[in-house]
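Peer 1: Once you've had a glance at the structure underneath, I'll fire off some questions.
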Amino acid sequence: MKTLVKTFAAAALIAVSTFAMAAEGPGSKSAKANVNLSTADFALEHYVAVTTEGESAGVEKLFAADFNQKIQASNAQSHGREAVVKSLKKQKGEKLNCTVTSDIIEESADYMVAKVTMKFENFTKTDLVTLERVGNEWKVSKSINSYK
């Protein structure tokens, strides 16, 4: 009888832990919160994921404190860090229907300028992104967007 009780208890424990792991999903929050920004390439890759694939993990960590975004269009706009982070968090999980390419324009030990091109069906968005080394991590410090 004791063996039967132990077997059922073990089966229940396995079932509960399996359901708990399945609820977290393969990329749990703790794993996603640890975004690697140790190189400019990793930071640029994460920036592209945040802006085009709806990735929201580590979005606050990605942008420098003095981050500024300028949008060159018929009505030029400028946004600070807080507004951009808030907007990107609202887009969590939304993937843009576009083809993305990125080219490094200039790179040194402490900064990088990259051109991210997003080709949509009817227009193209070009994003010039400046990244800077801040301590041991890379941060996006400036973004200038234009549309064609």
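To be explicit about the labels: the chains of the structure tokens are called A, B, and onward in the order shown, and within each one the residues are counted from 1, while ligands get numbers from 1 in the order they are shown.
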Hey, what's within 7 Å of segment 105-113 of chain A if we count only C-alpha atoms and toss same-chain stuff fewer than 2 positions away? As a count of residues only, please?
Peer 2: 9
Peer 1: I'd like to know which residues of segment 72-132 of chain A are strand (DSSP E) (by DSSP, run on the backbone); could you write them as number ranges by chain?
Peer 2: A: 72, 77-80, 99-107, 111-119, 124-132
Peer 1: I need the residues from that last selection saved to file as an mmCIF file, in the first residue's frame (with C-alpha atoms), if you can.
Peer 2:
data_model
loop_
_atom_site.group_PDB
_atom_site.id
_atom_site.type_symbol
_atom_site.label_atom_id
_atom_site.label_comp_id
_atom_site.auth_asym_id
_atom_site.auth_seq_id
_atom_site.Cartn_x
_atom_site.Cartn_y
_atom_site.Cartn_z
ATOM 1 C CA GLN A 72 12.306 62.448 -41.314
ATOM 2 C CA GLN A 77 9.196 64.197 -35.392
ATOM 3 C CA SER A 78 11.558 63.630 -32.516
ATOM 4 C CA HIS A 79 11.096 61.177 -29.632
ATOM 5 C CA GLY A 80 13.045 60.527 -26.466
ATOM 6 C CA THR A 99 12.491 42.244 -45.427
ATOM 7 C CA VAL A 100 15.278 43.539 -43.188
ATOM 8 C CA THR A 101 18.908 44.151 -44.105
ATOM 9 C CA SER A 102 21.561 45.801 -41.987
ATOM 10 C CA ASP A 103 24.898 47.231 -43.044
ATOM 11 C CA ILE A 104 27.634 48.563 -40.809
ATOM 12 C CA ILE A 105 28.680 51.991 -42.075
ATOM 13 C CA GLU A 106 31.352 52.830 -39.503
ATOM 14 C CA GLU A 107 32.745 50.969 -36.508
ATOM 15 C CA TYR A 111 30.834 53.222 -31.382
ATOM 16 C CA MET A 112 29.083 51.864 -34.442
ATOM 17 C CA VAL A 113 26.863 53.430 -37.090
ATOM 18 C CA ALA A 114 24.629 51.005 -38.957
ATOM 19 C CA LYS A 115 22.002 51.291 -41.658
ATOM 20 C CA VAL A 116 18.928 49.105 -41.147
ATOM 21 C CA THR A 117 16.668 48.908 -44.200
ATOM 22 C CA MET A 118 13.130 47.559 -43.925
ATOM 23 C CA LYS A 119 11.458 46.901 -47.271
ATOM 24 C CA THR A 124 11.029 51.377 -47.613
ATOM 25 C CA LYS A 125 12.069 52.565 -44.156
ATOM 26 C CA THR A 126 15.729 53.356 -43.597
ATOM 27 C CA ASP A 127 16.994 53.600 -40.030
ATOM 28 C CA LEU A 128 20.474 54.998 -39.312
ATOM 29 C CA VAL A 129 21.376 53.661 -35.879
ATOM 30 C CA THR A 130 24.213 54.856 -33.663
ATOM 31 C CA LEU A 131 25.427 52.489 -30.945
ATOM 32 C CA GLU A 132 27.890 53.379 -28.197
#
Peer 1: Using only C-alpha atoms, which of A:Val84, A:Tyr147, A:Leu96, A:Val140 sits nearest Lys61 of chain A?
Peer 2: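 Among the listed residues, the smallest separation from Lys61 of chain A belongs to A:Val140.
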Peer 1: Would you work out the distance separating atom CA of Gly135 of chain A from atom CA of Ser38 of chain A, expressed in Å to one decimal?
Peer 2: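 The value is 9.6 Å.
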Peer 1: For Val134 of chain A, which residue among A:Thr39, A:Ser146, A:Thr52, A:Gln91 is the nearest when counting only C-alpha atoms?
Peer 2: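 Answer, going by the shortest atom-to-atom distance: A:Thr39.
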Peer 1: Identify which of the residues A:Ala43, A:Ser143, A:Leu37, A:Glu121 lies closest to Cys98 of chain A, counting only C-alpha atoms when measuring atom-to-atom distances.
Peer 2: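 Looking at the shortest contact to Cys98 of chain A, the residue is A:Glu121.
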Peer 1: Go through A:Lys95, A:His46, A:Lys89, A:Lys142 one by one, measure the shortest atom-to-atom distance of each to Ala65 of chain A using only C-alpha atoms, and give the residue with the smallest value.
Peer 2: A:Lys142
Peer 1: Of the candidates A:Ser74, A:Gln69, A:Asn36, A:Asn122, which one gets nearest to Asn136 of chain A if we count only C-alpha atoms?
Peer 2: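 Comparing A:Ser74, A:Gln69, A:Asn36, A:Asn122 against Asn136 of chain A, the winner is A:Asn36.
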Peer 1: Can you work out which one of A:Val35, A:Ala83, A:Ala76, A:Ile71 has the shortest atom-to-atom distance to Gly58 of chain A, counting only C-alpha atoms?
Peer 2: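 Selected residue with least distance to Gly58 of chain A: A:Val35.
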